[in-house]
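Raw model.cif, mmCIF, C-alpha atoms and all ligand atoms:
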data_my_file
loop_
_atom_site.label_atom_id
_atom_site.label_comp_id
_atom_site.auth_asym_id
_atom_site.auth_seq_id
_atom_site.Cartn_x
_atom_site.Cartn_y
_atom_site.Cartn_z
CA MET A 255 66.88 72.06 121.62
CA SER A 256 69.03 74.63 123.43
CA LYS A 257 69.24 76.70 120.21
CA GLN A 258 65.46 77.09 120.03
CA PRO A 259 64.03 80.50 120.96
CA ILE A 260 62.44 81.62 124.22
CA GLY A 261 58.79 82.60 123.70
CA ILE A 262 57.46 85.62 125.57
CA PHE A 263 53.92 87.00 125.54
CA ASP A 264 51.94 89.77 127.16
CA SER A 265 48.53 91.35 126.65
CA GLY A 266 50.44 94.07 124.84
CA VAL A 267 53.60 96.14 124.88
CA GLY A 268 54.30 96.03 128.64
CA GLY A 269 56.05 92.66 128.63
CA THR A 270 58.92 94.25 126.70
CA SER A 271 60.01 95.56 130.14
CA ILE A 272 60.57 91.89 131.02
CA TRP A 273 62.08 91.04 127.63
CA LYS A 274 64.69 93.80 128.24
CA GLU A 275 65.74 92.23 131.55
CA ILE A 276 65.93 88.79 129.95
CA HIS A 277 67.93 90.01 126.96
CA LYS A 278 70.34 91.86 129.27
CA ILE A 279 71.35 88.75 131.21
CA LEU A 280 70.84 86.20 128.42
CA PRO A 281 72.21 88.03 125.35
CA PHE A 282 72.71 84.86 123.29
CA GLU A 283 69.15 83.61 123.60
CA ASP A 284 66.90 84.06 120.56
CA THR A 285 63.47 85.37 121.54
CA ILE A 286 60.01 85.67 120.02
CA TYR A 287 57.77 88.29 121.64
CA LEU A 288 54.02 88.42 121.13
CA ALA A 289 52.12 91.60 121.99
CA ASP A 290 48.45 90.59 122.10
CA SER A 291 47.45 94.27 121.98
CA GLN A 292 44.28 93.62 120.01
CA TYR A 293 42.88 91.96 123.14
CA ALA A 294 44.36 94.31 125.76
CA PRO A 295 43.60 94.99 128.51
CA TYR A 296 43.44 91.47 129.94
CA GLY A 297 42.88 92.93 133.40
CA GLU A 298 39.22 93.70 132.74
CA LYS A 299 38.43 90.24 131.32
CA HIS A 300 36.99 87.14 132.95
CA LYS A 301 39.43 84.44 134.09
CA ASP A 302 38.19 81.98 131.43
CA GLN A 303 38.72 84.50 128.67
CA ILE A 304 42.23 85.27 129.93
CA LEU A 305 43.04 81.55 129.85
CA GLU A 306 41.70 81.23 126.29
CA LEU A 307 43.94 84.10 125.15
CA CYS A 308 46.94 82.59 126.94
CA ILE A 309 46.33 79.26 125.17
CA LYS A 310 46.16 81.03 121.81
CA ASN A 311 49.47 82.81 122.47
CA THR A 312 51.16 79.69 123.84
CA GLU A 313 50.15 77.57 120.85
CA TYR A 314 51.56 80.12 118.44
CA LEU A 315 54.87 80.18 120.32
CA LEU A 316 55.03 76.40 120.55
CA ASN A 317 54.43 76.18 116.80
CA GLN A 318 57.49 78.40 116.44
CA ASN A 319 59.46 75.80 118.38
CA CYS A 320 59.97 77.76 121.60
CA LYS A 321 61.82 75.84 124.32
CA LEU A 322 60.42 77.83 127.23
CA ILE A 323 57.60 80.33 127.61
CA VAL A 324 57.68 83.48 129.69
CA VAL A 325 54.23 84.75 130.61
CA ALA A 326 55.31 88.40 130.82
CA CYS A 327 52.00 89.52 132.27
CA ASN A 328 50.92 89.51 135.92
CA THR A 329 47.25 89.22 134.98
CA ALA A 330 47.87 86.20 132.76
CA THR A 331 50.18 84.56 135.29
CA THR A 332 47.92 84.96 138.29
CA ASN A 333 44.87 83.74 136.36
CA ALA A 334 46.20 81.13 133.97
CA ILE A 335 49.69 79.79 134.61
CA LYS A 336 48.50 76.84 136.66
CA ALA A 337 46.28 75.65 133.80
CA LEU A 338 49.02 76.29 131.21
CA ARG A 339 51.51 74.21 133.17
CA ALA A 340 48.97 71.40 133.43
CA LYS A 341 48.22 71.49 129.69
CA TYR A 342 51.69 71.77 128.14
CA ASN A 343 55.03 70.07 128.73
CA VAL A 344 57.24 73.07 128.07
CA PRO A 345 58.53 75.05 131.10
CA PHE A 346 56.64 78.27 131.92
CA ILE A 347 58.04 81.25 133.80
CA GLY A 348 55.45 83.64 135.24
CA ILE A 349 55.45 87.03 136.90
CA GLU A 350 53.70 88.09 140.09
CA PRO A 351 53.74 91.33 142.07
CA ALA A 352 56.84 91.51 144.32
CA ILE A 353 54.89 91.59 147.58
CA LYS A 354 57.39 89.50 149.53
CA PRO A 355 60.45 91.79 149.25
CA ALA A 356 58.30 94.86 149.93
CA ALA A 357 56.62 93.27 152.96
CA LEU A 358 59.95 92.08 154.36
CA GLN A 359 61.70 95.44 153.94
CA THR A 360 59.01 97.95 154.85
CA LYS A 361 59.76 100.07 157.91
CA SER A 362 56.48 101.96 157.97
CA LYS A 363 54.62 98.63 157.85
CA ALA A 364 52.54 99.89 154.94
CA ILE A 365 53.04 99.01 151.28
CA GLY A 366 51.10 99.90 148.15
CA ILE A 367 50.33 97.64 145.21
CA LEU A 368 49.25 98.94 141.85
CA ALA A 369 47.98 96.18 139.55
CA THR A 370 45.09 95.28 137.26
CA ARG A 371 41.66 94.23 138.48
CA GLY A 372 42.36 90.73 137.14
CA THR A 373 45.55 90.38 139.19
CA LEU A 374 44.15 91.84 142.40
CA SER A 375 41.07 89.63 142.28
CA SER A 376 42.99 86.41 141.55
CA GLU A 377 43.27 83.52 143.97
CA LEU A 378 47.06 83.40 143.60
CA PHE A 379 47.37 87.06 144.57
CA HIS A 380 45.23 86.53 147.67
CA GLN A 381 47.28 83.53 148.72
CA LYS A 382 50.41 85.71 148.59
CA THR A 383 48.99 88.74 150.40
CA ASP A 384 47.46 86.56 153.12
CA LEU A 385 51.00 85.65 154.18
CA TYR A 386 51.83 89.26 155.07
CA ASN A 387 48.48 90.83 155.92
CA SER A 388 48.86 90.43 159.67
CA SER A 389 52.21 92.27 159.87
CA THR A 390 51.77 94.86 157.12
CA THR A 391 49.02 97.08 155.79
CA ILE A 392 48.72 96.29 152.10
CA ILE A 393 46.98 98.96 150.08
CA GLU A 394 45.71 97.56 146.81
CA GLN A 395 44.85 99.85 143.94
CA ILE A 396 43.42 98.85 140.56
CA GLY A 397 45.27 100.75 137.85
CA GLU A 398 42.20 101.11 135.69
CA GLY A 399 42.91 102.99 132.47
CA ILE A 400 46.70 102.81 132.68
CA VAL A 401 47.27 99.89 130.28
CA PRO A 402 45.23 101.46 127.42
CA LEU A 403 47.21 104.71 127.81
CA VAL A 404 50.57 102.87 127.66
CA GLU A 405 49.27 100.91 124.65
CA SER A 406 48.57 104.18 122.85
CA GLY A 407 51.97 105.62 123.70
CA GLU A 408 50.66 108.15 126.25
CA ILE A 409 53.11 107.57 129.08
CA TYR A 410 53.84 111.26 129.64
CA SER A 411 50.35 112.61 128.96
CA ASP A 412 48.40 114.85 131.36
CA GLU A 413 45.74 112.15 131.51
CA MET A 414 48.29 109.62 132.75
CA ARG A 415 49.64 112.03 135.36
CA THR A 416 46.16 112.82 136.68
CA LEU A 417 45.25 109.14 136.83
CA LEU A 418 48.45 108.17 138.64
CA LYS A 419 48.08 111.02 141.14
CA SER A 420 44.57 109.89 142.00
CA TYR A 421 45.79 106.31 142.59
CA LEU A 422 48.88 107.24 144.58
CA THR A 423 47.57 110.00 146.85
CA PRO A 424 45.72 107.63 149.22
CA MET A 425 48.84 105.45 149.44
CA ILE A 426 51.06 108.42 150.26
CA LYS A 427 48.56 109.49 152.95
CA ALA A 428 48.69 105.97 154.39
CA HIS A 429 52.50 106.32 154.74
CA ILE A 430 53.61 103.55 152.40
CA ASP A 431 57.38 103.27 151.97
CA TYR A 432 57.25 100.68 149.13
CA LEU A 433 55.21 100.77 145.94
CA VAL A 434 54.96 97.43 144.16
CA LEU A 435 54.34 97.60 140.41
CA GLY A 436 52.13 94.59 139.73
CA CYS A 437 51.77 94.94 135.98
CA THR A 438 54.47 94.71 133.32
CA HIS A 439 53.23 97.88 131.63
CA TYR A 440 54.02 99.93 134.74
CA PRO A 441 57.86 99.94 134.82
CA TYR A 442 57.63 102.36 131.88
CA LEU A 443 55.87 104.79 134.22
CA VAL A 444 58.74 105.02 136.71
CA PRO A 445 59.93 108.49 135.56
CA VAL A 446 56.38 109.85 136.01
CA LEU A 447 55.83 107.97 139.29
CA LYS A 448 59.05 109.46 140.68
CA GLN A 449 57.73 112.94 140.03
CA ILE A 450 54.59 112.17 142.02
CA LEU A 451 55.95 110.08 144.91
CA PRO A 452 57.97 111.45 147.86
CA LYS A 453 61.64 110.43 147.59
CA HIS A 454 61.61 107.98 150.48
CA ILE A 455 59.15 105.63 148.71
CA THR A 456 60.93 102.79 146.92
CA ILE A 457 59.39 101.49 143.69
CA ILE A 458 59.87 97.79 142.99
CA ASP A 459 58.95 95.44 140.20
CA SER A 460 59.68 91.80 139.39
CA GLY A 461 61.47 92.15 136.04
CA LEU A 462 64.98 91.18 137.10
CA ALA A 463 63.71 88.34 139.28
CA VAL A 464 61.84 86.89 136.27
CA ALA A 465 64.96 87.12 134.10
CA LYS A 466 67.05 85.37 136.76
CA GLN A 467 64.42 82.66 137.15
CA THR A 468 64.39 82.18 133.35
CA ARG A 469 68.17 81.73 133.37
CA ALA A 470 68.03 79.34 136.33
CA VAL A 471 65.38 77.13 134.70
CA LEU A 472 67.22 77.05 131.36
CA LYS A 473 70.41 76.08 133.15
CA GLN A 474 68.72 73.43 135.27
CA LYS A 475 67.11 71.87 132.18
CA ASN A 476 70.29 72.11 130.14
CA LEU A 477 68.62 74.46 127.69
CA LEU A 478 71.00 77.45 127.78
CA ASN A 479 72.17 78.51 124.33
CA ASN A 480 75.96 78.58 124.57
CA THR A 481 76.70 79.45 120.93
CA GLN A 482 77.85 83.01 121.82
CA LYS A 483 76.44 84.53 118.65
CA SER A 484 74.24 87.59 118.98
CA ALA A 485 70.60 86.74 119.42
CA VAL A 486 67.79 87.00 116.90
CA CYS A 487 64.93 88.83 118.64
CA LYS A 488 61.58 88.89 116.86
CA PHE A 489 58.61 91.06 117.86
CA TYR A 490 55.04 90.59 116.70
CA THR A 491 51.85 92.52 117.36
CA ASN A 492 48.27 91.93 116.23
CA SER A 493 47.50 95.66 116.46
CA LYS A 494 49.21 98.97 115.69
CA SER A 495 52.97 98.82 116.14
CA THR A 496 53.71 102.44 117.10
CA ALA A 497 53.98 102.03 120.89
CA LEU A 498 55.86 98.73 120.61
CA LYS A 499 58.46 100.26 118.28
CA GLN A 500 58.83 103.26 120.58
CA LEU A 501 59.39 101.13 123.69
CA LEU A 502 62.04 99.18 121.79
CA ASN A 503 63.71 102.49 120.92
CA HIS A 504 63.27 101.61 117.23
CA ASN A 505 66.13 99.14 117.57
CA TYR A 506 64.15 96.10 116.39
CA PRO A 507 61.72 95.51 113.55
CA VAL A 508 58.13 94.83 114.59
CA ALA A 509 55.92 92.73 112.35
CA TYR A 510 52.13 92.58 112.20
CA LEU A 511 50.75 89.13 112.75
CA ASP A 512 47.15 87.99 112.84
CA PHE A 513 47.22 85.73 115.89
N1 LIG A 601 51.02 93.65 131.32
C1 LIG A 601 49.81 93.11 131.88
C2 LIG A 601 50.07 92.72 133.34
O1 LIG A 601 51.21 92.54 133.72
C3 LIG A 601 48.68 94.04 131.62
C4 LIG A 601 47.36 93.40 131.82
C5 LIG A 601 46.25 93.99 131.05
O2 LIG A 601 46.28 93.89 129.83
O3 LIG A 601 45.31 94.48 131.68
O4 LIG A 601 49.18 92.56 134.12
#
How does this structure look as structure tokens?
Amino acid sequence: MSKQPIGIFDSGVGGTSIWKEIHKILPFEDTIYLADSQYAPYGEKHKDQILELCIKNTEYLLNQNCKLIVVACNTATTNAIKALRAKYNVPFIGIEPAIKPAALQTKSKAIGILATRGTLSSELFHQKTDLYNSSTTIIEQIGEGIVPLVESGEIYSDEMRTLLKSYLTPMIKAHIDYLVLGCTHYPYLVPVLKQILPKHITIIDSGLAVAKQTRAVLKQKNLLNNTQKSAVCKFYTNSKSTALKQLLNHNYPVAYLDF
């Protein structure tokens, strides 16, 4: 079973930011990545619809014999991972906004969180923020419109810059010293965010933590692939492949799949 692939899915191309972290520390693990771009953005959908999409993606990956599933999407994790874990036997790794490290390290006692509407309105997200609300001002901002722009390859467009400026200005005024990226599409925006944010604001995301957790769970369940041969990494999308190919630096083939 240890030679079986790791399955990874996201509402679209953003989860490749997580795949990259996983591949870096687990170079011998085969992976299958599903970009559900046809149904992006998840963040504007109802919880039940998000769960339905997650079930569809999970079943495809399980049919491909995946030994573990990484839900490389904050919106999907915060709205559906509990139900997925209850429904299937395979281990699931999820991703949530890194509120804890930001809240523990902030000196200005103000942090900003940029995430989708679906993540910010989820019960799981509220449970986490409630732990730090009394000591830290947490400024939540819905990143409406960002995911569709990343999906269409417009990371460096004027539209993106204008949108990000409008979301970040109130946070800067409120003296945040940490910005938490609560969506797996957002790490690709770091170069643009750095141009907008004052230097003393630290940007954090959960990518590396998810990769480490994936490794820890594989190890604990005796599922690590120790064959030491380079991994086979497959990428599928149910929409146009341009942005996905770009984010993978054209290093991997991307196949269209009707899932
Ligand atoms: N990458 C997804 C996330 O982490 C984007 C959600 C969406 O499609 O709105 O939340």
Edge lengths and centre in Å to one decimal, as AutoDock Vina command-line options, of the axis-aligned box that encloses all listed atoms of ligand LIG 601 (chain A) with 8 Å added on every side?
--center_x 48.3 --center_y 93.5 --center_z 132.0 --size_x 21.9 --size_y 17.9 --size_z 20.3
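From atom CA of Lys466 of chain A back to atom CA of Asn319 of chain A, the distance works out to 22.1 Å.
Put simply, atom CA of Tyr287 of chain A is 20.7 Å away from atom CA of Gln303 of chain A.
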So which residues touch Tyr293 of chain A within 7 Å, counting all atoms listed in the file, skipping near sequence neighbours fewer than 3 positions away, as a PDB file with C-alpha atoms, keeping the file's coordinate frame?
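selection.pdb, written as the output of this step:
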ATOM      1  CA  SER A 265      48.530  91.350 126.650  1.00  0.00           C
ATOM      2  CA  ASP A 290      48.450  90.590 122.100  1.00  0.00           C
ATOM      3  CA  TYR A 296      43.440  91.470 129.940  1.00  0.00           C
TER       4      TYR A 296
END
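Each of A:Ile450, A:Leu422, A:Ala337, A:Ile349 was compared to Gly269 of chain A using only C-alpha atoms, and A:Ile349 turns out to be the nearest.
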Ligand LIG 601 (chain A) neighbours within 7 Å using all atoms listed in the file, as number ranges by chain: A: 264-266, 268-269, 294-298, 326-330, 369-370, 373, 401, 436-439
Can you fill out segment 266-277 of chain A with all heavy atoms and hand it back as a short mmCIF file (atom, residue, chain, number, x, y, z; two decimals), keeping the file's coordinate frame?
data_model
loop_
_atom_site.label_atom_id
_atom_site.label_comp_id
_atom_site.auth_asym_id
_atom_site.auth_seq_id
_atom_site.Cartn_x
_atom_site.Cartn_y
_atom_site.Cartn_z
N GLY A 266 50.08 92.96 125.72
CA GLY A 266 50.44 94.07 124.84
C GLY A 266 51.91 94.38 124.91
O GLY A 266 52.75 93.48 124.96
N VAL A 267 52.21 95.69 124.99
CA VAL A 267 53.60 96.14 124.88
C VAL A 267 54.37 96.05 126.20
O VAL A 267 55.60 96.11 126.21
CB VAL A 267 53.65 97.60 124.35
CG1 VAL A 267 53.02 97.68 122.97
CG2 VAL A 267 52.92 98.57 125.30
N GLY A 268 53.66 95.94 127.33
CA GLY A 268 54.30 96.03 128.64
C GLY A 268 55.35 94.96 128.90
O GLY A 268 56.38 95.23 129.54
N GLY A 269 55.12 93.77 128.39
CA GLY A 269 56.05 92.66 128.63
C GLY A 269 57.43 92.90 128.05
O GLY A 269 58.38 92.18 128.38
N THR A 270 57.57 93.93 127.20
CA THR A 270 58.92 94.25 126.70
C THR A 270 59.81 94.70 127.86
O THR A 270 61.03 94.60 127.77
CB THR A 270 58.88 95.37 125.63
OG1 THR A 270 58.13 96.48 126.17
CG2 THR A 270 58.24 94.88 124.35
N SER A 271 59.19 95.19 128.96
CA SER A 271 60.01 95.56 130.14
C SER A 271 60.66 94.30 130.71
O SER A 271 61.77 94.36 131.25
CB SER A 271 59.16 96.28 131.20
OG SER A 271 58.14 95.43 131.72
N ILE A 272 60.02 93.17 130.55
CA ILE A 272 60.57 91.89 131.02
C ILE A 272 61.56 91.36 129.98
O ILE A 272 62.63 90.86 130.32
CB ILE A 272 59.44 90.85 131.22
CG1 ILE A 272 58.34 91.41 132.12
CG2 ILE A 272 59.97 89.53 131.76
CD1 ILE A 272 58.83 91.87 133.47
N TRP A 273 61.17 91.47 128.70
CA TRP A 273 62.08 91.04 127.63
C TRP A 273 63.43 91.73 127.78
O TRP A 273 64.48 91.11 127.63
CB TRP A 273 61.48 91.34 126.24
CG TRP A 273 62.50 91.10 125.18
CD1 TRP A 273 62.84 89.91 124.63
CD2 TRP A 273 63.39 92.08 124.61
NE1 TRP A 273 63.87 90.08 123.74
CE2 TRP A 273 64.23 91.39 123.70
CE3 TRP A 273 63.54 93.46 124.78
CZ2 TRP A 273 65.22 92.05 122.96
CZ3 TRP A 273 64.52 94.12 124.05
CH2 TRP A 273 65.34 93.41 123.16
N LYS A 274 63.42 93.04 128.11
CA LYS A 274 64.69 93.80 128.24
C LYS A 274 65.58 93.20 129.32
O LYS A 274 66.78 93.07 129.16
CB LYS A 274 64.41 95.27 128.54
CG LYS A 274 63.90 96.02 127.32
CD LYS A 274 63.56 97.47 127.62
CE LYS A 274 62.94 98.10 126.38
NZ LYS A 274 62.45 99.45 126.60
N GLU A 275 64.96 92.83 130.45
CA GLU A 275 65.74 92.23 131.55
C GLU A 275 66.30 90.87 131.12
O GLU A 275 67.44 90.54 131.42
CB GLU A 275 64.86 92.05 132.80
CG GLU A 275 64.27 93.32 133.38
CD GLU A 275 65.29 94.20 134.08
OE1 GLU A 275 66.46 93.80 134.22
OE2 GLU A 275 64.90 95.32 134.48
N ILE A 276 65.49 90.12 130.41
CA ILE A 276 65.93 88.79 129.95
C ILE A 276 67.08 88.93 128.95
O ILE A 276 68.11 88.28 129.07
CB ILE A 276 64.75 88.01 129.32
CG1 ILE A 276 63.72 87.66 130.40
CG2 ILE A 276 65.23 86.74 128.60
CD1 ILE A 276 62.44 87.04 129.88
N HIS A 277 66.91 89.83 128.00
CA HIS A 277 67.93 90.01 126.96
C HIS A 277 69.25 90.51 127.55
O HIS A 277 70.33 90.15 127.08
CB HIS A 277 67.40 90.97 125.90
CG HIS A 277 68.31 91.11 124.72
ND1 HIS A 277 68.66 90.04 123.92
CD2 HIS A 277 68.97 92.18 124.23
CE1 HIS A 277 69.48 90.46 122.98
NE2 HIS A 277 69.69 91.75 123.15
#
